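Containing PDB, C-alpha atoms: final.pdb.
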ATOM      1  CA  MET A   1     103.394   9.975  69.299
ATOM      2  CA  LYS A   2      99.669   9.669  70.011
ATOM      3  CA  SER A   3      98.820  11.000  73.454
ATOM      4  CA  LYS A   4      96.881   8.866  75.927
ATOM      5  CA  SER A   5      96.017  11.927  77.982
ATOM      6  CA  ILE A   6      92.448  13.219  77.924
ATOM      7  CA  LEU A   7      93.341  16.904  77.826
ATOM      8  CA  THR A   8      94.631  18.546  74.658
ATOM      9  CA  ARG A   9      97.986  20.262  74.866
ATOM     10  CA  TYR A  10      98.388  23.756  73.459
ATOM     11  CA  GLU A  11     100.234  23.514  70.151
ATOM     12  CA  GLY A  12     102.656  26.210  71.286
ATOM     13  CA  ASN A  13     103.815  24.266  74.344
ATOM     14  CA  PRO A  14     105.848  24.777  76.356
ATOM     15  CA  LEU A  15     104.114  28.064  77.085
ATOM     16  CA  PHE A  16     107.091  29.208  79.168
ATOM     17  CA  ASP A  17     110.554  27.753  79.380
ATOM     18  CA  PRO A  18     113.692  29.229  80.971
ATOM     19  CA  ALA A  19     114.765  30.935  77.730
ATOM     20  CA  ASP A  20     111.471  32.871  77.631
ATOM     21  CA  PHE A  21     111.996  34.716  80.900
ATOM     22  CA  PRO A  22     112.682  38.339  79.911
ATOM     23  CA  TYR A  23     114.534  39.907  82.838
ATOM     24  CA  TYR A  24     117.366  37.574  83.841
ATOM     25  CA  ARG A  25     118.591  34.057  83.207
ATOM     26  CA  VAL A  26     116.708  31.326  85.033
ATOM     27  CA  GLU A  27     117.431  27.636  85.523
ATOM     28  CA  GLN A  28     113.876  26.511  86.304
ATOM     29  CA  ILE A  29     110.251  27.614  86.026
ATOM     30  CA  PHE A  30     107.951  25.853  88.474
ATOM     31  CA  ASN A  31     104.233  25.030  88.682
ATOM     32  CA  PRO A  32     102.280  28.313  88.459
ATOM     33  CA  GLY A  33      99.454  29.556  90.637
ATOM     34  CA  GLN A  34      96.491  30.399  88.397
ATOM     35  CA  VAL A  35      93.161  32.187  88.530
ATOM     36  CA  MET A  36      90.735  34.040  86.269
ATOM     37  CA  THR A  37      89.604  37.478  87.402
ATOM     38  CA  PRO A  38      85.920  38.548  87.231
ATOM     39  CA  ASP A  39      86.748  40.656  84.141
ATOM     40  CA  GLY A  40      88.258  37.682  82.308
ATOM     41  CA  ARG A  41      91.986  38.211  82.750
ATOM     42  CA  THR A  42      94.196  35.217  83.473
ATOM     43  CA  ILE A  43      96.711  35.670  86.286
ATOM     44  CA  LEU A  44      99.622  33.299  86.812
ATOM     45  CA  ILE A  45     102.076  33.415  89.687
ATOM     46  CA  LEU A  46     105.307  32.138  88.152
ATOM     47  CA  ALA A  47     107.980  30.735  90.422
ATOM     48  CA  VAL A  48     111.451  30.830  88.894
ATOM     49  CA  LEU A  49     114.916  29.918  90.066
ATOM     50  CA  PRO A  50     117.437  32.535  88.870
ATOM     51  CA  MET A  51     120.655  31.147  87.438
ATOM     52  CA  GLY A  52     123.088  30.467  90.282
ATOM     53  CA  ALA A  53     120.638  31.592  92.998
ATOM     54  CA  SER A  54     120.025  29.766  96.258
ATOM     55  CA  HIS A  55     116.275  30.490  96.370
ATOM     56  CA  PRO A  56     113.425  30.888  93.867
ATOM     57  CA  CYS A  57     111.175  33.930  93.642
ATOM     58  CA  CYS A  58     107.692  34.580  92.209
ATOM     59  CA  HIS A  59     106.523  36.968  89.462
ATOM     60  CA  ILE A  60     103.023  37.883  88.310
ATOM     61  CA  ALA A  61     102.126  37.153  84.667
ATOM     62  CA  GLU A  62      98.920  38.568  83.188
ATOM     63  CA  SER A  63      97.012  37.791  79.978
ATOM     64  CA  ALA A  64      93.810  38.901  78.266
ATOM     65  CA  ASP A  65      93.519  35.735  76.149
ATOM     66  CA  GLY A  66      95.140  33.085  78.336
ATOM     67  CA  LEU A  67      97.959  32.548  75.830
ATOM     68  CA  HIS A  68     100.021  35.725  75.604
ATOM     69  CA  PHE A  69     101.336  36.891  78.946
ATOM     70  CA  LYS A  70     103.124  39.954  80.213
ATOM     71  CA  ILE A  71     105.425  39.167  83.117
ATOM     72  CA  ARG A  72     105.966  41.873  85.710
ATOM     73  CA  GLN A  73     109.593  42.664  86.366
ATOM     74  CA  GLU A  74     109.361  43.147  90.123
ATOM     75  CA  PRO A  75     108.948  39.846  91.994
ATOM     76  CA  CYS A  76     105.995  39.548  94.356
ATOM     77  CA  PHE A  77     107.450  36.892  96.676
ATOM     78  CA  THR A  78     111.109  36.544  97.594
ATOM     79  CA  VAL A  79     112.947  35.173 100.592
ATOM     80  CA  GLU A  80     114.249  38.659 101.291
ATOM     81  CA  ASN A  81     110.846  40.427 101.319
ATOM     82  CA  SER A  82     108.987  37.658 103.160
ATOM     83  CA  ALA A  83     106.890  38.480 106.205
ATOM     84  CA  PHE A  84     107.647  34.994 107.496
ATOM     85  CA  GLN A  85     111.404  35.143 107.987
ATOM     86  CA  GLY A  86     112.834  31.793 109.033
ATOM     87  CA  TYR A  87     109.838  29.901 107.634
ATOM     88  CA  ASP A  88     110.042  30.847 103.967
ATOM     89  CA  ASN A  89     113.172  29.758 102.128
ATOM     90  CA  TRP A  90     111.635  28.304  98.947
ATOM     91  CA  PRO A  91     108.809  30.437  97.417
ATOM     92  CA  ILE A  92     107.002  28.181  94.903
ATOM     93  CA  ASP A  93     103.691  26.377  94.247
ATOM     94  CA  CYS A  94     101.157  29.135  94.946
ATOM     95  CA  ARG A  95      97.504  28.078  95.263
ATOM     96  CA  VAL A  96      95.136  30.938  94.372
ATOM     97  CA  THR A  97      91.413  31.214  95.189
ATOM     98  CA  TYR A  98      89.095  34.074  94.232
ATOM     99  CA  PHE A  99      86.624  34.640  97.074
ATOM    100  CA  ALA A 100      83.728  36.529  95.493
ATOM    101  CA  GLU A 101      81.953  37.180  98.799
ATOM    102  CA  GLU A 102      84.922  39.261  99.931
ATOM    103  CA  ASN A 103      86.034  40.413  96.449
ATOM    104  CA  CYS A 104      89.610  39.335  97.089
ATOM    105  CA  TYR A 105      92.069  36.576  96.306
ATOM    106  CA  TYR A 106      93.682  34.291  98.838
ATOM    107  CA  VAL A 107      97.101  32.879  98.079
ATOM    108  CA  ILE A 108      98.421  29.884 100.002
ATOM    109  CA  ARG A 109     101.966  28.787  99.355
ATOM    110  CA  PRO A 110     104.413  26.505 101.108
ATOM    111  CA  GLY A 111     106.999  27.722 103.539
ATOM    112  CA  ASN A 112     109.910  25.620 104.654
ATOM    113  CA  GLY A 113     112.384  26.703 107.287
ATOM    114  CA  PRO A 114     115.642  24.868 107.919
ATOM    115  CA  ASP A 115     114.938  21.635 109.828
ATOM    116  CA  LEU A 116     111.300  22.646 110.393
ATOM    117  CA  GLY A 117     109.407  20.901 107.609
ATOM    118  CA  PRO A 118     106.823  22.406 105.218
ATOM    119  CA  VAL A 119     104.112  24.746 106.521
ATOM    120  CA  ALA A 120     101.433  26.825 104.748
ATOM    121  CA  LEU A 121     101.635  30.626 104.411
ATOM    122  CA  LEU A 122      98.412  32.590 103.819
ATOM    123  CA  TYR A 123      98.181  35.931 101.961
ATOM    124  CA  ARG A 124      95.315  38.127 100.783
ATOM    125  CA  THR A 125      95.331  40.471  97.780
ATOM    126  CA  THR A 126      92.866  42.484  95.715
ATOM    127  CA  ASP A 127      95.181  43.538  92.869
ATOM    128  CA  PHE A 128      98.145  41.106  92.738
ATOM    129  CA  ARG A 129     100.421  44.052  93.468
ATOM    130  CA  SER A 130     100.338  44.136  97.244
ATOM    131  CA  PHE A 131      99.896  40.996  99.334
ATOM    132  CA  ASP A 132      98.806  41.112 102.976
ATOM    133  CA  PRO A 133     100.426  38.329 104.984
ATOM    134  CA  LEU A 134      97.856  36.779 107.337
ATOM    135  CA  ASP A 135      99.626  33.945 109.132
ATOM    136  CA  ILE A 136     101.098  30.473 109.065
ATOM    137  CA  ILE A 137      98.001  28.276 108.921
ATOM    138  CA  SER A 138      99.326  24.727 109.211
ATOM    139  CA  LEU A 139     101.767  22.742 111.249
ATOM    140  CA  PRO A 140     104.374  20.703 109.395
ATOM    141  CA  SER A 141     104.185  18.745 107.345
ATOM    142  CA  ASN A 142     101.325  20.221 105.320
ATOM    143  CA  ARG A 143     102.483  22.277 102.359
ATOM    144  CA  VAL A 144      99.473  22.363 100.034
ATOM    145  CA  PRO A 145      96.246  23.589 101.703
ATOM    146  CA  CYS A 146      93.743  24.675  99.013
ATOM    147  CA  LEU A 147      90.833  26.974  99.846
ATOM    148  CA  PHE A 148      87.276  26.504  98.549
ATOM    149  CA  PRO A 149      86.010  29.695  96.821
ATOM    150  CA  GLU A 150      83.061  30.181  99.194
ATOM    151  CA  LYS A 151      81.958  29.352 102.710
ATOM    152  CA  ILE A 152      80.084  26.103 103.221
ATOM    153  CA  GLY A 153      77.764  25.901 106.208
ATOM    154  CA  GLY A 154      79.009  29.307 107.331
ATOM    155  CA  LYS A 155      82.651  28.226 107.529
ATOM    156  CA  TYR A 156      85.753  28.481 105.395
ATOM    157  CA  VAL A 157      86.746  25.085 104.027
ATOM    158  CA  ARG A 158      90.002  23.837 102.605
ATOM    159  CA  LEU A 159      91.619  20.663 101.337
ATOM    160  CA  ASP A 160      94.867  19.574 102.970
ATOM    161  CA  ARG A 161      97.567  17.058 102.269
ATOM    162  CA  PRO A 162      99.361  16.392 105.557
ATOM    163  CA  TYR A 163     102.106  13.819 105.307
ATOM    164  CA  SER A 164     105.150  12.419 107.072
ATOM    165  CA  HIS A 165     107.917  14.577 105.655
ATOM    166  CA  GLY A 166     111.115  12.667 104.972
ATOM    167  CA  ALA A 167     109.486   9.256 105.358
ATOM    168  CA  PRO A 168     109.635   6.682 102.550
ATOM    169  CA  MET A 169     106.775   7.146 100.089
ATOM    170  CA  ALA A 170     104.997   4.025 101.340
ATOM    171  CA  LYS A 171     104.910   5.440 104.886
ATOM    172  CA  ALA A 172     104.276   9.100 104.104
ATOM    173  CA  PHE A 173     100.482   8.864 104.646
ATOM    174  CA  ALA A 174      99.992  11.380 101.828
ATOM    175  CA  ASN A 175      96.184  11.497 101.621
ATOM    176  CA  ILE A 176      93.772  14.404 101.018
ATOM    177  CA  TRP A 177      91.922  15.759 104.051
ATOM    178  CA  LEU A 178      89.235  18.416 104.515
ATOM    179  CA  SER A 179      89.340  21.028 107.302
ATOM    180  CA  LYS A 180      87.074  23.905 108.397
ATOM    181  CA  SER A 181      87.644  27.302 109.980
ATOM    182  CA  PRO A 182      85.598  30.225 111.348
ATOM    183  CA  ASP A 183      88.237  32.815 110.408
ATOM    184  CA  LEU A 184      90.834  31.326 107.996
ATOM    185  CA  LEU A 185      93.407  31.129 110.796
ATOM    186  CA  HIS A 186      92.114  28.445 113.178
ATOM    187  CA  TRP A 187      91.455  25.122 111.493
ATOM    188  CA  GLY A 188      89.897  21.868 112.665
ATOM    189  CA  GLU A 189      87.020  19.412 112.119
ATOM    190  CA  SER A 190      89.465  17.537 109.921
ATOM    191  CA  ARG A 191      88.384  14.459 107.975
ATOM    192  CA  VAL A 192      90.165  12.341 105.386
ATOM    193  CA  ILE A 193      88.197  12.370 102.112
ATOM    194  CA  LEU A 194      90.472  10.732  99.538
ATOM    195  CA  ARG A 195      92.981   8.016 100.309
ATOM    196  CA  ARG A 196      95.799   7.286  97.919
ATOM    197  CA  GLY A 197      94.938   3.587  98.214
ATOM    198  CA  GLY A 198      91.455   4.344  96.872
ATOM    199  CA  CYS A 199      92.865   6.071  93.795
ATOM    200  CA  PRO A 200      93.761   4.576  90.409
ATOM    201  CA  ARG A 201      97.141   2.940  89.918
ATOM    202  CA  TRP A 202      98.685   6.120  88.490
ATOM    203  CA  ALA A 203      98.011   7.858  91.846
ATOM    204  CA  ALA A 204      98.672   4.972  94.219
ATOM    205  CA  SER A 205     101.759   6.344  95.987
ATOM    206  CA  LYS A 206     100.868   9.970  96.777
ATOM    207  CA  ILE A 207      98.095  12.462  95.988
ATOM    208  CA  GLY A 208      97.644  16.209  96.493
ATOM    209  CA  PRO A 209      94.862  18.778  95.920
ATOM    210  CA  THR A 210      94.233  22.075  94.115
ATOM    211  CA  PRO A 211      91.556  24.731  94.881
ATOM    212  CA  PRO A 212      88.146  23.172  94.087
ATOM    213  CA  ILE A 213      85.963  24.583  91.291
ATOM    214  CA  ARG A 214      82.188  24.945  91.730
ATOM    215  CA  THR A 215      80.084  23.286  89.013
ATOM    216  CA  GLU A 216      76.394  22.452  88.794
ATOM    217  CA  LYS A 217      77.143  18.797  89.573
ATOM    218  CA  GLY A 218      79.579  19.284  92.439
ATOM    219  CA  TRP A 219      83.018  20.573  93.345
ATOM    220  CA  LEU A 220      85.450  19.615  90.606
ATOM    221  CA  GLU A 221      88.730  18.745  92.274
ATOM    222  CA  ILE A 222      91.844  18.506  90.116
ATOM    223  CA  PHE A 223      94.605  16.590  91.885
ATOM    224  CA  HIS A 224      98.042  15.224  91.218
ATOM    225  CA  GLY A 225      98.957  11.600  91.720
ATOM    226  CA  VAL A 226     102.284   9.826  91.972
ATOM    227  CA  GLN A 227     103.137   6.331  90.844
ATOM    228  CA  ASP A 228     106.313   4.622  92.051
ATOM    229  CA  THR A 229     107.655   2.832  88.974
ATOM    230  CA  PHE A 230     110.724   0.711  88.319
ATOM    231  CA  THR A 231     112.426   3.726  86.739
ATOM    232  CA  GLY A 232     111.340   6.300  89.350
ATOM    233  CA  PHE A 233     108.365   8.453  90.311
ATOM    234  CA  ARG A 234     105.802   9.478  87.685
ATOM    235  CA  TYR A 235     103.479  12.443  88.341
ATOM    236  CA  CYS A 236     100.094  12.687  86.578
ATOM    237  CA  ILE A 237      96.987  14.875  86.886
ATOM    238  CA  GLY A 238      93.452  13.594  87.466
ATOM    239  CA  ALA A 239      90.044  14.662  88.774
ATOM    240  CA  CYS A 240      87.286  13.780  91.202
ATOM    241  CA  LEU A 241      83.924  15.306  92.135
ATOM    242  CA  LEU A 242      82.807  16.333  95.641
ATOM    243  CA  ASP A 243      79.298  17.038  96.899
ATOM    244  CA  LEU A 244      78.415  20.757  96.914
ATOM    245  CA  GLU A 245      76.774  20.802 100.344
ATOM    246  CA  ASN A 246      78.925  18.151 101.974
ATOM    247  CA  PRO A 247      82.326  18.101 100.268
ATOM    248  CA  GLU A 248      83.483  15.312 102.556
ATOM    249  CA  LYS A 249      81.431  13.093 100.221
ATOM    250  CA  VAL A 250      83.202  11.987  97.043
ATOM    251  CA  LEU A 251      80.634  11.619  94.250
ATOM    252  CA  GLY A 252      83.034  10.076  91.769
ATOM    253  CA  ILE A 253      86.646   9.808  90.686
ATOM    254  CA  MET A 254      88.194   9.334  87.266
ATOM    255  CA  ASN A 255      90.009   6.096  86.636
ATOM    256  CA  SER A 256      91.885   7.681  83.729
ATOM    257  CA  TYR A 257      94.308  10.531  84.099
ATOM    258  CA  LEU A 258      93.707  13.927  82.563
ATOM    259  CA  LEU A 259      97.374  14.403  81.759
ATOM    260  CA  ALA A 260     100.500  12.268  82.012
ATOM    261  CA  PRO A 261     104.139  13.034  81.118
ATOM    262  CA  GLU A 262     104.254  12.006  77.452
ATOM    263  CA  MET A 263     106.010  14.871  75.683
ATOM    264  CA  GLU A 264     109.777  15.418  75.597
ATOM    265  CA  TYR A 265     109.569  18.574  77.742
ATOM    266  CA  GLU A 266     107.500  16.651  80.335
ATOM    267  CA  GLN A 267     109.743  13.596  80.425
ATOM    268  CA  ASN A 268     113.115  15.337  80.389
ATOM    269  CA  GLY A 269     114.024  18.175  82.716
ATOM    270  CA  ILE A 270     115.369  18.897  86.175
ATOM    271  CA  VAL A 271     112.821  16.473  87.673
ATOM    272  CA  PRO A 272     111.824  14.090  84.852
ATOM    273  CA  ASN A 273     108.431  12.481  84.196
ATOM    274  CA  VAL A 274     106.390  15.140  85.958
ATOM    275  CA  VAL A 275     103.241  17.058  85.055
ATOM    276  CA  PHE A 276     101.995  18.972  88.076
ATOM    277  CA  THR A 277      99.404  21.677  88.654
ATOM    278  CA  THR A 278      98.461  23.889  91.582
ATOM    279  CA  GLY A 279      95.096  24.883  90.110
ATOM    280  CA  ALA A 280      92.783  25.060  87.110
ATOM    281  CA  ILE A 281      90.496  27.564  85.368
ATOM    282  CA  VAL A 282      87.049  27.073  83.838
ATOM    283  CA  GLU A 283      85.774  29.432  81.138
ATOM    284  CA  PRO A 284      82.093  29.920  82.129
ATOM    285  CA  GLU A 285      80.701  30.382  78.595
ATOM    286  CA  SER A 286      82.793  27.939  76.554
ATOM    287  CA  ARG A 287      82.967  25.365  79.387
ATOM    288  CA  GLU A 288      86.653  24.984  78.640
ATOM    289  CA  LEU A 289      88.891  23.717  81.412
ATOM    290  CA  ARG A 290      92.378  25.220  81.300
ATOM    291  CA  ILE A 291      95.282  23.826  83.279
ATOM    292  CA  TYR A 292      98.631  25.597  83.367
ATOM    293  CA  TYR A 293     100.981  22.901  84.564
ATOM    294  CA  GLY A 294     104.598  22.482  85.472
ATOM    295  CA  ALA A 295     106.611  20.165  83.253
ATOM    296  CA  SER A 296     109.573  18.424  84.908
ATOM    297  CA  ASP A 297     110.155  21.456  87.206
ATOM    298  CA  THR A 298     111.651  23.150  84.153
ATOM    299  CA  ALA A 299     108.887  24.658  81.991
ATOM    300  CA  ILE A 300     105.146  25.393  81.908
ATOM    301  CA  GLY A 301     102.600  23.853  79.572
ATOM    302  CA  LEU A 302      98.921  24.490  78.898
ATOM    303  CA  ALA A 303      96.326  21.757  78.444
ATOM    304  CA  THR A 304      92.586  22.125  77.859
ATOM    305  CA  GLY A 305      89.399  20.067  77.856
ATOM    306  CA  ASN A 306      85.630  20.265  78.188
ATOM    307  CA  VAL A 307      84.563  20.506  81.819
ATOM    308  CA  ASP A 308      81.218  18.758  81.266
ATOM    309  CA  GLU A 309      82.913  15.739  79.709
ATOM    310  CA  ILE A 310      85.311  15.578  82.670
ATOM    311  CA  LEU A 311      82.436  15.749  85.166
ATOM    312  CA  GLU A 312      80.769  12.796  83.446
ATOM    313  CA  MET A 313      84.014  10.844  83.529
ATOM    314  CA  CYS A 314      84.250  11.464  87.272
ATOM    315  CA  LEU A 315      80.672  10.321  87.884
ATOM    316  CA  LYS A 316      81.064   7.216  85.705
ATOM    317  CA  GLY A 317      84.558   6.352  86.967
ATOM    318  CA  ILE A 318      85.984   6.317  83.442
TER     319      ILE A 318
END
Can you turn what I pasted into structure tokens?
Amino acid sequence: MKSKSILTRYEGNPLFDPADFPYYRVEQIFNPGQVMTPDGRTILILAVLPMGASHPCCHIAESADGLHFKIRQEPCFTVENSAFQGYDNWPIDCRVTYFAEENCYYVIRPGNGPDLGPVALLYRTTDFRSFDPLDIISLPSNRVPCLFPEKIGGKYVRLDRPYSHGAPMAKAFANIWLSKSPDLLHWGESRVILRRGGCPRWAASKIGPTPPIRTEKGWLEIFHGVQDTFTGFRYCIGACLLDLENPEKVLGIMNSYLLAPEMEYEQNGIVPNVVFTTGAIVEPESRELRIYYGASDTAIGLATGNVDEILEMCLKGI
């Protein structure tokens, strides 16, 4: 089948599936957190659901070439070791941002206590071995705050996706907002920057952000979009471009999607017809964009493209 997606899938996809996990049997592998270190290593935070378990847990995977990973045996996030007891019963979907000014990584991941709704949990690490819990930084329902990799106008900035948890999709108000903070803990000055109704048809029902990537032409924002079809929800991945100095301003948005569920492992799984990412990586020299994405909440794929071509598509609305 000829793909209509713009990105090129790695020929060895899926990069990880449940049978590849080396330490115990798992039912699912979820969307990984992802970042490149200053020395060129690729770090993924893999969320897996052990066979028969009630809760997922997260493991660090590390690679020198972005293709061959070594998974650490000891999990980094579990319900049992959480600093946020009562608010953290489903450790998945880590968003990772390298903050060069502070030479550290911030990890934001969703928490979800019984009958409380999704909140955002903030951690800081320098080595991906120990994680300092900072605080719960959002009220429900806001499970996907994504931090910019530098201060803008002297303040920390993040993208949010607040929504009405449990409401029908049409009334969930699942748009992307921008918020600012003096200290990473107290957030305000919130403004909506991207409405689902202003997105292409493939993202008309719900949208959600990832950590923005600085480029010469603006902040490249990779986002997921949901389309409510006759046969169910369909999750795709797209991109838009935000102004460097004033990221509330959208410079352009792709009409096409970067990636849609077209392969068997993307269309058939625990949650079918889903490609979903919590981040992206740009190779500075080759200008290659790498996205490690979840496929149907069952496996992980890798897709690549040229970042300059994607920026032009955003600016031209292609």
Find the residues near segment 121-125 of chain A: any atom within 6 Å, counting all atoms listed in the file, skip ones fewer than 3 places away on the same chain, and give them as number ranges by chain. A: 104-110, 128, 131-136
If the PyMOL selection byres ((chain A and resi 203) around 10) is run on the structure shown, which residues does it catch, given as a PyMOL selection string? chain A and resi 195-202+204-208+223-228+234-238+255+257
Using the chain letters and numbers from the file, give me the residues hit by the PyMOL selection byres ((chain A and resi 115) around 12), as a ChimeraX atom specification. /A:86-89,111-114,116-119,140-141,165-166
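Distances to Phe276 of chain A were evaluated for A:Phe148, A:Asn175, A:Gly12, A:Tyr292 using all atoms listed in the file, and the minimum falls at A:Tyr292.
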List the spatial neighbours of segment 70-73 of chain A as a ChimeraX atom specification - criterion: any atom at most 7 Å away, all atoms listed in the file, same-chain residues fewer than 4 positions off excluded. /A:23,59-63
Kindly extract all protein, DNA and RNA residues lying within 12 Å of the coordinates (116.2, 29.7, 90.8) given in the file, considering all atoms listed in the file, and supply them as a ChimeraX atom specification. /A:18,21,24-30,46-58,78-79,89-92,270,297-298
Just the selected residues (C-alpha atoms), exported as a short mmCIF file (atom, residue, chain, number, x, y, z; two decimals), keeping the file's coordinate frame, please.
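Writing done, so here's out_3.cif:
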data_model
loop_
_atom_site.label_atom_id
_atom_site.label_comp_id
_atom_site.auth_asym_id
_atom_site.auth_seq_id
_atom_site.Cartn_x
_atom_site.Cartn_y
_atom_site.Cartn_z
CA PRO A 18 113.69 29.23 80.97
CA PHE A 21 112.00 34.72 80.90
CA TYR A 24 117.37 37.57 83.84
CA ARG A 25 118.59 34.06 83.21
CA VAL A 26 116.71 31.33 85.03
CA GLU A 27 117.43 27.64 85.52
CA GLN A 28 113.88 26.51 86.30
CA ILE A 29 110.25 27.61 86.03
CA PHE A 30 107.95 25.85 88.47
CA LEU A 46 105.31 32.14 88.15
CA ALA A 47 107.98 30.74 90.42
CA VAL A 48 111.45 30.83 88.89
CA LEU A 49 114.92 29.92 90.07
CA PRO A 50 117.44 32.53 88.87
CA MET A 51 120.66 31.15 87.44
CA GLY A 52 123.09 30.47 90.28
CA ALA A 53 120.64 31.59 93.00
CA SER A 54 120.02 29.77 96.26
CA HIS A 55 116.28 30.49 96.37
CA PRO A 56 113.42 30.89 93.87
CA CYS A 57 111.18 33.93 93.64
CA CYS A 58 107.69 34.58 92.21
CA THR A 78 111.11 36.54 97.59
CA VAL A 79 112.95 35.17 100.59
CA ASN A 89 113.17 29.76 102.13
CA TRP A 90 111.64 28.30 98.95
CA PRO A 91 108.81 30.44 97.42
CA ILE A 92 107.00 28.18 94.90
CA ILE A 270 115.37 18.90 86.18
CA ASP A 297 110.16 21.46 87.21
CA THR A 298 111.65 23.15 84.15
#
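Of the listed residues A:Ala303, A:Ala100, A:Ala120, A:Leu184, the one whose atoms come nearest to Glu11 of chain A is A:Ala303, with distances taken using all atoms listed in the file.
If you look at atom CA of Ala299 of chain A and atom CA of Phe16 of chain A, they are 5.6 Å away from each other.
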Report as a PyMOL selection string all protein, DNA and RNA residues lying within 12 Å of Asp39 of chain A, evaluated on only C-alpha atoms, omitting residues in the same chain fewer than 6 positions from it. chain A and resi 63-65+283-284
Residue selection dump (C-alpha atoms) as a PDB file, in the frame of the given file:
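Produced file result-v7.pdb, reproduced below:
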ATOM      1  CA  SER A  63      97.012  37.791  79.978  1.00  0.00           C
ATOM      2  CA  ALA A  64      93.810  38.901  78.266  1.00  0.00           C
ATOM      3  CA  ASP A  65      93.519  35.735  76.149  1.00  0.00           C
ATOM      4  CA  GLU A 283      85.774  29.432  81.138  1.00  0.00           C
ATOM      5  CA  PRO A 284      82.093  29.920  82.129  1.00  0.00           C
TER       6      PRO A 284
END
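Considering all atoms listed in the file, the residue among A:Pro162, A:Val275, A:Lys180, A:Gln85 positioned nearest to Glu262 of chain A is A:Val275.
When only C-alpha atoms are used to measure the gap to Gln267 of chain A, the shortest distance among A:Leu289, A:His186, A:Ala295, A:Gly252 belongs to A:Ala295.
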Please identify all polymer residues within 9 Å of Asn306 of chain A, counting all atoms listed in the file, omitting same-chain residues fewer than 3 positions from it, and present them as a short mmCIF file (atom, residue, chain, number, x, y, z; two decimals) with C-alpha atoms, keeping the file's coordinate frame.
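Printed below is part.cif as written:
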data_model
loop_
_atom_site.label_atom_id
_atom_site.label_comp_id
_atom_site.auth_asym_id
_atom_site.auth_seq_id
_atom_site.Cartn_x
_atom_site.Cartn_y
_atom_site.Cartn_z
CA LEU A 7 93.34 16.90 77.83
CA VAL A 282 87.05 27.07 83.84
CA SER A 286 82.79 27.94 76.55
CA ARG A 287 82.97 25.36 79.39
CA GLU A 288 86.65 24.98 78.64
CA LEU A 289 88.89 23.72 81.41
CA ARG A 290 92.38 25.22 81.30
CA GLU A 309 82.91 15.74 79.71
CA ILE A 310 85.31 15.58 82.67
CA LEU A 311 82.44 15.75 85.17
#
In Å, rounded to a single decimal, give me how far atom CA of Ile300 of chain A is from atom CA of Pro272 of chain A. 13.5 Å
Target residues per the PyMOL selection byres ((chain A and resi 181) around 10), formatted as number ranges by chain: A: 151, 154-158, 179-180, 182-190
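Atom CA of Gly33 of chain A is found 23.7 Å from atom CA of Leu244 of chain A.
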Give the padded box for segment 158-165 of chain A as JSON: axis-aligned, covering all atoms listed in the file, 3 Å on each side, centre and edge lengths in Å to one decimal.
{"center_x": 99.0, "center_y": 18.1, "center_z": 104.2, "size_x": 23.9, "size_y": 17.4, "size_z": 11.7}
